[in-house]
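Worksheet: the structure to be examined is printed underneath.
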Amino acid sequence: MNRPILAILSIGIGIGVVGGAILTYSLMRPQREAPAATATATANAPAPRRPTPEAPRAGAAPPRAVARAPATAKAEPEPAPAEAPLSVGILRIESDVPGAQVFIDREFLGAAPVTAASVKPGTHRINVSAEGYDGVAETIEVSPGPRDVMIKLKEVRLDAKLDVLHKHRLGSCKGRLIATPQGMRYETADKDDAFAAPLLDLDTFDVDYLEKNLRVKPRKGKLFNFTDPEGNADRLFVFHRDVEKARDRLKKGDPAASQ
């Protein structure tokens with residue numbers, strides 16, 4: 001072999017030996033950790049710049065505002081419907097005698113106190129009664145709405161009237177007897193015979209049914225003999241009965257009803 005060829009082979013062998021040595025060293029050398037370098041590079045990296053909004057060009061339309069949906073308002077509760085005005089009367093009937101029987105227009109309602117919940121407006125008749133007391137009847141006007149009605153059975157009520165003929169020794173005169181819890185009076189054109197006295201100030205008060213005569217003598221007054229102008233003894237008897245009943249109750253201390 002000539003020398004040039006040997007020289008080339010020698011160079012090639014030498015390059016191969018050197019390359020193998022370098023490769024062997026690279027494989028056997030421990031690798032360096034990269035995270036620290038990466039963190040340092042990230043910390044030193046400049047912060048990204050926000051894009052600067054471009055100024056509107058001359059003549060360009062202004063940017064439209066983004067419409068936002070209005071906030072939904074809370075629904076308010078609907079107002080309660082107004083109550084319709086009452087078209088009937090509501091009567092609460094009481095009595096000074098508990099348990100008294102109450103009637104409206106002759107229909108039994110119940111024992112007092114009691115409520116009539118639906119009474120038509122207009123005129124109505126109330127009757128209240130209890131054992132040991134005179135019954136009370138009242139006519140009332142009922143209007144729509146509630147109303148309290150008090151019936152007092154313990155009060156002495158009396159409204160008696162009687163046309164009479166007063167007998168004199170010589171002749172007679174006509175007049176009218178009127179009795180209330182406050183007293184009795186005789187109204188007549190003859191002023192000498194007219195009188196007025198409390199019911200408990202009558203010294204004489206009696207009736208003779210057969211004689212058709214009613215005798216009345218006020219305290220510190222004269223004796224009157226009354227007859228019915230038509231000779232009806234029944235009217236004299238009824239008048240005497242009603243007045244005498246009121247006198248008995250007043251004597252027991254029952255209060256007189258106001259007129």
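Chain labels A, B, ... are given in the sequence in which chains occur in the structure tokens; within each chain residues are numbered consecutively from 1, and ligands are likewise numbered from 1 in the order shown.
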
Residues within 7 Å of Ala130 in chain A, only C-alpha atoms, excluding chain neighbours under 2 positions, as JSON, numbers by chain: {"A": [100, 101, 132, 133, 135]}

Pick out the residues sitting within 7 Å of Lys174 in chain A, and hand them over as an MDAnalysis selection string; count only C-alpha atoms, and ignore anything fewer than 6 positions along from it in its own chain. chainID A and resid 164:166 188

Give me a file of those residues, with N, CA and C atoms, as a PDB file, in the first residue's frame.
ATOM      1  N   VAL A 164    -162.571  58.193  80.290  1.00  0.00           N
ATOM      2  CA  VAL A 164    -163.481  57.978  81.428  1.00  0.00           C
ATOM      3  C   VAL A 164    -164.483  59.127  81.540  1.00  0.00           C
ATOM      4  N   LEU A 165    -165.475  58.826  82.361  1.00  0.00           N
ATOM      5  CA  LEU A 165    -166.499  59.811  82.717  1.00  0.00           C
ATOM      6  C   LEU A 165    -166.482  59.947  84.238  1.00  0.00           C
ATOM      7  N   HIS A 166    -166.224  61.158  84.699  1.00  0.00           N
ATOM      8  CA  HIS A 166    -166.152  61.385  86.146  1.00  0.00           C
ATOM      9  C   HIS A 166    -167.521  61.854  86.637  1.00  0.00           C
ATOM     10  N   THR A 188    -158.559  66.734  81.893  1.00  0.00           N
ATOM     11  CA  THR A 188    -159.946  67.103  81.651  1.00  0.00           C
ATOM     12  C   THR A 188    -160.042  68.607  81.450  1.00  0.00           C
TER      13      THR A 188
END

Please extract the residues of range 144-254 of chain A with a backbone DSSP assignment of alpha helix (DSSP H) and present them as an NGL selection string. :A and (233-252)

Could those residues be written to a file, using C-alpha atoms, as a CSV table (one decimal), in the first residue's frame?
chain,number,residue,atom,x,y,z
A,233,ALA,CA,-166.5,47.4,82.4
A,234,ASP,CA,-163.8,45.4,80.7
A,235,ARG,CA,-161.8,48.5,79.8
A,236,LEU,CA,-161.9,49.6,83.4
A,237,PHE,CA,-160.7,46.2,84.6
A,238,VAL,CA,-157.8,46.0,82.2
A,239,PHE,CA,-156.6,49.5,83.1
A,240,HIS,CA,-156.8,48.7,86.8
A,241,ARG,CA,-155.0,45.4,86.3
A,242,ASP,CA,-152.0,46.9,84.4
A,243,VAL,CA,-151.6,49.8,86.7
A,244,GLU,CA,-151.8,47.6,89.8
A,245,LYS,CA,-149.1,45.3,88.5
A,246,ALA,CA,-146.8,48.2,87.9
A,247,ARG,CA,-147.5,49.5,91.4
A,248,ASP,CA,-146.6,46.1,92.9
A,249,ARG,CA,-143.3,45.9,91.1
A,250,LEU,CA,-142.4,49.5,92.1
A,251,LYS,CA,-143.1,48.6,95.7
A,252,LYS,CA,-140.6,45.7,95.4

Find, counting only C-alpha atoms, the residue in A:Val207, A:Ile104, A:Leu91, A:Cys173 that gets nearest to Ala194 in chain A. A:Cys173

Need to verify the contact set: Arg92 in chain A, 9 Å, only C-alpha atoms, exclusion of same-chain residues closer than 6 positions in sequence. Can you return it as a PyMOL selection string? chain A and resi 112-117+146-150

Take the residues that were just selected and, keeping N, CA and C atoms, output them as an mmCIF file, in the first residue's frame.
data_model
loop_
_atom_site.group_PDB
_atom_site.id
_atom_site.type_symbol
_atom_site.label_atom_id
_atom_site.label_comp_id
_atom_site.auth_asym_id
_atom_site.auth_seq_id
_atom_site.Cartn_x
_atom_site.Cartn_y
_atom_site.Cartn_z
ATOM 1 N N ALA A 112 -131.310 34.688 75.274
ATOM 2 C CA ALA A 112 -130.396 35.832 75.364
ATOM 3 C C ALA A 112 -129.186 35.488 76.244
ATOM 4 N N PRO A 113 -127.983 35.970 75.866
ATOM 5 C CA PRO A 113 -127.696 36.769 74.660
ATOM 6 C C PRO A 113 -127.634 35.900 73.411
ATOM 7 N N VAL A 114 -128.142 36.439 72.307
ATOM 8 C CA VAL A 114 -128.203 35.689 71.063
ATOM 9 C C VAL A 114 -127.990 36.656 69.903
ATOM 10 N N THR A 115 -127.488 36.132 68.783
ATOM 11 C CA THR A 115 -127.193 36.960 67.612
ATOM 12 C C THR A 115 -128.022 36.508 66.419
ATOM 13 N N ALA A 116 -128.680 37.468 65.788
ATOM 14 C CA ALA A 116 -129.372 37.229 64.523
ATOM 15 C C ALA A 116 -128.438 37.694 63.418
ATOM 16 N N ALA A 117 -127.847 36.758 62.688
ATOM 17 C CA ALA A 117 -126.747 37.080 61.772
ATOM 18 C C ALA A 117 -127.199 37.650 60.441
ATOM 19 N N PRO A 146 -123.789 45.754 61.871
ATOM 20 C CA PRO A 146 -124.030 45.232 63.218
ATOM 21 C C PRO A 146 -124.741 46.247 64.118
ATOM 22 N N ARG A 147 -125.477 45.723 65.086
ATOM 23 C CA ARG A 147 -126.196 46.571 66.046
ATOM 24 C C ARG A 147 -126.458 45.777 67.318
ATOM 25 N N ASP A 148 -126.287 46.435 68.475
ATOM 26 C CA ASP A 148 -126.572 45.821 69.764
ATOM 27 C C ASP A 148 -127.934 46.302 70.258
ATOM 28 N N VAL A 149 -128.719 45.366 70.766
ATOM 29 C CA VAL A 149 -130.053 45.689 71.291
ATOM 30 C C VAL A 149 -130.143 45.133 72.714
ATOM 31 N N MET A 150 -130.440 46.016 73.681
ATOM 32 C CA MET A 150 -130.590 45.605 75.071
ATOM 33 C C MET A 150 -132.056 45.699 75.467
#

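Looking only at range 157-203 of chain A, the set that DSSP places in strand (DSSP E) from backbone geometry is Ala160, Lys161, Leu162, Asp163, Val164, Leu165, His166, Lys167, Ser172, Cys173, Lys174, Gly175, Arg176, Leu177, Ile178, Ala179, Thr180, Gly183, Met184, Arg185, Tyr186, Glu187, Thr188, Phe195, Ala196, Ala197, Leu202 and Asp203 of chain A.
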
As number ranges by chain, please: the residues near range 214-221 of chain A (cut-off 6 Å, only C-alpha atoms, same-chain neighbours under 5 positions excluded). A: 201-207, 226

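Across the model, the gap from CA of Gly171 in chain A to CA of Asp208 in chain A is 20.6 Å.
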
From the set A:Phe195, A:Tyr209, A:Phe103, A:Tyr186, which residue has the shortest atom-to-atom contact distance to Asp163 in chain A, counting only C-alpha atoms? A:Tyr186

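Shortest atom-to-atom contact with Gly110 in chain A among A:His124, A:Ala196, A:Leu223, A:Ile93: A:Ile93, counting only C-alpha atoms.
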